[in-house]
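Reading through the structure tokens given below for one structure.
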Amino acid sequence: MKKKRYDVIVIGGGITGTGVIHELAKYDLDTALLERSVDIGVGATKGNGGVVHPGYDPHPGPQKAKLNPKGARMYPQLAKDLGFGIRKTGTLVVAYSQADLQKVDELLDNARVNGVDQVEKIDATQLRNREPFISLNALGALLAHTTTMIDPFEVAVAFAENAKINGADILTRQPVTGISADEDGCFTVTTPTDTFRTRYIVDAAGVHADDVAALAGLHEYKVQGRHGNICVLDRNMPTPIGTVMFPCPSPDTKGIALIPMVHGNWIIGSTATMRGDKEDTTGDAEGIAELIEGAHKLIPDFADGSVIRTYAGQRPVALDNDNDFWIHPSETLPHFIHAAGIQSPGAATSPAIAEYVRDLLADAGLDLKPRPEYTKYRVNPVDFSELSTKEQDELIARDPTYGHIVCRCETVTEGEIIAAIHEPIGARTVDGVKRRTRAGMGRCQSGFCQYKVMGILARELDVPQEEIIKEEMGSPVLFGKIKKF
């Protein structure tokens with residue numbers, strides 16, 4: 001029987017909301033996270049490139065500049081404690097003109113004022129020594145040595161699972177439909193299936209944060225989605241890179257980047273177009289062409305055939321806010337905390353945002369007593385492909401399901417998929433398995449393994465295969481048998 005009364009409810013299960021619930025789980029509180037989707041992390045988080053920007057980009061002063069460097073510095077220890085992947089790559093901001101070189105100098109100044117270490121300006125020769133495929137038109141670059149890569153979805157899962165281990169309720173399929181401020185100072189939060197009472201609310205609902213706030217009668221800001229296309233590249237790209245590479249940024253975007261991912265492949269990302277429809281995550285040919293053009297600007301010999309998949313997402317932008325985050329208590333309901341407009345560098349900043357929100361809650365009167373039996377650790381899921389041959393043999397001897405390869409492209413085993421289904425925040429969909437294990441993320445894009453994944457899901461969840469969905473309710477993969485077996 002799940003609790004119905006809480007000290008704090010966090011609305012939104014992306015990397016911001018899960019970061020907040022993970023932070024609050026350190027304290028002796030009754031907390032819950034409400035996520036409208038079947039799984040967590042399926043909004044802006046799943047479409048994030050995963051670059052942990054060290055903090056040289058924001059101009060000094062706003063919330064981004066204050067929180068970004070702190071959040072980036074927290075990630076290496078969090079990766080050790082929570083068992084998610086992290087990869088140190090560094091970042092290059094590539095200059096093609098004298099104006100670009102001046103922008104590099106500006107970014108160096110930002111880094112100095114924001115407290116970002118190990119950032120330097122390099123010339124064309126140093127740039128090509130580091131990345132030999134870089135364009136001959138490049139005049140130099142900003143090099144930030146400390147930049148790391150994460151998988152934001154993996155981090156969100158790690159945050160949520162650790163919070164659940166420490167007593168938080170993580171409730172999916174719970175779209176918030178009503179919020180009322182009651183006379184006793186508490187809130188009543190309603191969903192289609194449940195009613196909750198809480199003393200405090202943290203609104204981390206991404207592109208819908210303003211819509212959630214409006215349910216409580218709050219209209220203190222407006223959020224619009226910034227649409228972005230992304231291309232996924234093959235592991236065998238003929239012009240590999242080891243450093244995240246951006247062109248010099250514009251006022252609204254960091255530009256089209258080539259990004260080495262934490263798990264060994266690459267992406268091109270992303271375009272930036274404001275959209276009126278917050279649910280519009282459809283890709284478009286013009287955006288994909290822009291990505292390919294951007295890749296060629298950085299790497300002239302980039303092979304277009306390296307693209308194995310395209311997708312799109314939306315980042316939440318708080319309008320009329322100087323391109324900054326909107327993290328504030330409500331002006332009229334101080335127990336309602338806005339964590340909105342968390343666009344880039346939101347993933348990099350998430351751990352620091354969580355601490356900042358914690359402090360806002362404390363300022364609003366929340367009593368933060370450390371949880372007596374808090375554990376900061378989470379067991380790292382097995383990655384069979386990363387084990388030595390001896391370790392693989394020993395694992396198979398203990399559990400033969402790890403000897404059954406389901407996804408040949410990414411070397412994902414049946415044992416890993418079973419484990420992903422039965423984790424504290426377990427996979428319930430085909431895409432949930434894919435994001436947790438990488439089954440289906442390789443060259444064939446699940447052409448050979450999807451039916452096997454569906455069979456394992458159906459067996460482990462004890463449901464017919466026709467009930468297995470791709471990602472959200474209403475996305476069945478099968479509609480019935482066409483012949484008897």
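Ordered as shown in the structure tokens, chains take letters A, B, and onward, while each chain numbers its residues from 1 and ligands are numbered from 1 in the order shown.
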Report task. Just the residues within 9 Å of segment 92-109 of chain A, please, counting only C-alpha atoms, with nothing from its chain fewer than 2 positions along; format it as a ChimeraX atom specification. Result -> /A:56-59,90,111-114,119-121,127,137-145,243-249,298
For those residues, write C-alpha atoms to a file as an mmCIF file, in the first residue's frame.
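Result written to selection.cif:
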data_model
loop_
_atom_site.group_PDB
_atom_site.id
_atom_site.type_symbol
_atom_site.label_atom_id
_atom_site.label_comp_id
_atom_site.auth_asym_id
_atom_site.auth_seq_id
_atom_site.Cartn_x
_atom_site.Cartn_y
_atom_site.Cartn_z
ATOM 1 C CA TYR A 56 32.917 27.984 -19.146
ATOM 2 C CA ASP A 57 29.911 28.743 -21.347
ATOM 3 C CA PRO A 58 27.518 30.703 -19.073
ATOM 4 C CA HIS A 59 28.239 34.397 -18.658
ATOM 5 C CA GLY A 90 37.499 17.093 -22.750
ATOM 6 C CA ALA A 111 35.859 30.057 -17.067
ATOM 7 C CA ARG A 112 38.142 32.154 -14.888
ATOM 8 C CA VAL A 113 35.293 34.076 -13.225
ATOM 9 C CA ASN A 114 33.096 30.958 -12.854
ATOM 10 C CA VAL A 119 40.773 25.468 -19.620
ATOM 11 C CA GLU A 120 43.172 26.831 -22.242
ATOM 12 C CA LYS A 121 43.387 28.291 -25.733
ATOM 13 C CA LEU A 127 44.246 21.151 -32.284
ATOM 14 C CA ASN A 137 40.037 25.731 -41.809
ATOM 15 C CA ALA A 138 40.155 25.621 -38.022
ATOM 16 C CA LEU A 139 42.393 28.340 -36.562
ATOM 17 C CA GLY A 140 42.444 27.098 -32.992
ATOM 18 C CA ALA A 141 40.110 26.207 -30.133
ATOM 19 C CA LEU A 142 39.230 26.457 -26.509
ATOM 20 C CA LEU A 143 40.201 23.190 -24.792
ATOM 21 C CA ALA A 144 38.500 22.279 -21.512
ATOM 22 C CA HIS A 145 40.323 19.268 -20.117
ATOM 23 C CA THR A 243 36.978 14.887 -27.762
ATOM 24 C CA VAL A 244 33.587 16.593 -27.680
ATOM 25 C CA MET A 245 33.765 19.172 -30.482
ATOM 26 C CA PHE A 246 31.597 22.286 -30.805
ATOM 27 C CA PRO A 247 31.856 25.263 -33.132
ATOM 28 C CA CYS A 248 31.881 28.643 -31.423
ATOM 29 C CA PRO A 249 28.394 29.159 -29.946
ATOM 30 C CA LEU A 298 34.146 20.015 -38.056
#
Please run DSSP on the backbone and report, as a PDB file with C-alpha atoms, in the first residue's frame, all residues within segment 232-385 of chain A that come out as strand (DSSP E or B).
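Result written to out.pdb:
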ATOM      1  CA  VAL A 232      23.282   8.501 -33.833  1.00  0.00           C
ATOM      2  CA  LEU A 233      26.498   7.221 -35.423  1.00  0.00           C
ATOM      3  CA  VAL A 244      33.587  16.593 -27.680  1.00  0.00           C
ATOM      4  CA  MET A 245      33.765  19.172 -30.482  1.00  0.00           C
ATOM      5  CA  PHE A 246      31.597  22.286 -30.805  1.00  0.00           C
ATOM      6  CA  PRO A 247      31.856  25.263 -33.132  1.00  0.00           C
ATOM      7  CA  ALA A 257      28.559  19.204 -32.119  1.00  0.00           C
ATOM      8  CA  LEU A 258      30.257  15.867 -32.644  1.00  0.00           C
ATOM      9  CA  ILE A 259      30.072  13.982 -29.368  1.00  0.00           C
ATOM     10  CA  PRO A 260      31.819  10.745 -28.300  1.00  0.00           C
ATOM     11  CA  TRP A 266      29.099   8.978 -31.325  1.00  0.00           C
ATOM     12  CA  ILE A 267      26.241  11.389 -31.993  1.00  0.00           C
ATOM     13  CA  ILE A 268      25.749  14.648 -33.876  1.00  0.00           C
ATOM     14  CA  GLY A 269      23.655  17.115 -31.927  1.00  0.00           C
ATOM     15  CA  THR A 273      14.202  25.500 -33.202  1.00  0.00           C
ATOM     16  CA  MET A 274      11.501  26.928 -30.970  1.00  0.00           C
ATOM     17  CA  ARG A 275       8.250  24.987 -31.350  1.00  0.00           C
ATOM     18  CA  VAL A 307      24.384   7.641 -39.331  1.00  0.00           C
ATOM     19  CA  ILE A 308      22.366   4.658 -38.083  1.00  0.00           C
ATOM     20  CA  ARG A 309      19.411   6.468 -36.494  1.00  0.00           C
ATOM     21  CA  THR A 310      17.896   9.910 -36.064  1.00  0.00           C
ATOM     22  CA  TYR A 311      15.572  11.189 -33.367  1.00  0.00           C
ATOM     23  CA  ALA A 312      14.412  14.457 -31.851  1.00  0.00           C
ATOM     24  CA  GLY A 313      13.467  15.954 -28.506  1.00  0.00           C
ATOM     25  CA  GLN A 314      12.606  19.245 -26.836  1.00  0.00           C
ATOM     26  CA  ARG A 315      14.460  21.242 -24.184  1.00  0.00           C
ATOM     27  CA  PRO A 316      12.451  23.459 -21.796  1.00  0.00           C
ATOM     28  CA  VAL A 317      13.173  27.179 -22.174  1.00  0.00           C
ATOM     29  CA  ALA A 318      11.842  29.686 -19.644  1.00  0.00           C
ATOM     30  CA  TRP A 326      14.043  29.384 -13.380  1.00  0.00           C
ATOM     31  CA  ILE A 327      14.668  27.911  -9.932  1.00  0.00           C
ATOM     32  CA  HIS A 328      12.696  29.890  -7.361  1.00  0.00           C
ATOM     33  CA  PRO A 329      10.026  29.519  -4.697  1.00  0.00           C
ATOM     34  CA  PHE A 336       5.849  25.474  -4.080  1.00  0.00           C
ATOM     35  CA  ILE A 337       9.352  25.409  -5.619  1.00  0.00           C
ATOM     36  CA  HIS A 338       9.829  25.934  -9.352  1.00  0.00           C
ATOM     37  CA  ALA A 339      12.706  23.988 -10.955  1.00  0.00           C
ATOM     38  CA  ALA A 340      11.934  25.044 -14.518  1.00  0.00           C
ATOM     39  CA  PRO A 370      19.712  13.286   8.224  1.00  0.00           C
TER      40      PRO A 370
END
Query raised in the report: Can you list, as JSON, numbers by chain, every protein, DNA or RNA residue that comes within 10 Å of Met74 of chain A when you count only C-alpha atoms, leaving out same-chain residues fewer than 4 positions away?
Result: {"A": [69, 70, 78, 79, 348, 349, 350, 351, 352]}
**Report entry** Secondary structure check, helix (DSSP H, G or I) residues of segment 91-172 of chain A, as a PyMOL selection string
**Finding:** chain A and resi 98-114+124-130+152-165
Report task. Using atom CA of Val412 of chain A and atom CA of Ile241 of chain A as the two end points, give the distance in Å to one decimal. Result ->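 Atom CA of Ile241 of chain A lies at a distance of 24.7 Å from atom CA of Val412 of chain A.
Here atom CA of Val10 of chain A and atom CA of Gly41 of chain A stand 13.8 Å from one another.
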Report task. Determine the nearest neighbour of Ala160 of chain A from the options A:Ile21, A:Ala213, A:Ala44, A:Ile396, counting only C-alpha atoms. Result -> A:Ile21
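Across A:Leu29, A:Ile425, A:Leu395, A:Ala295, the tightest approach to Ala156 of chain A is made by A:Ile425 when counting only C-alpha atoms.
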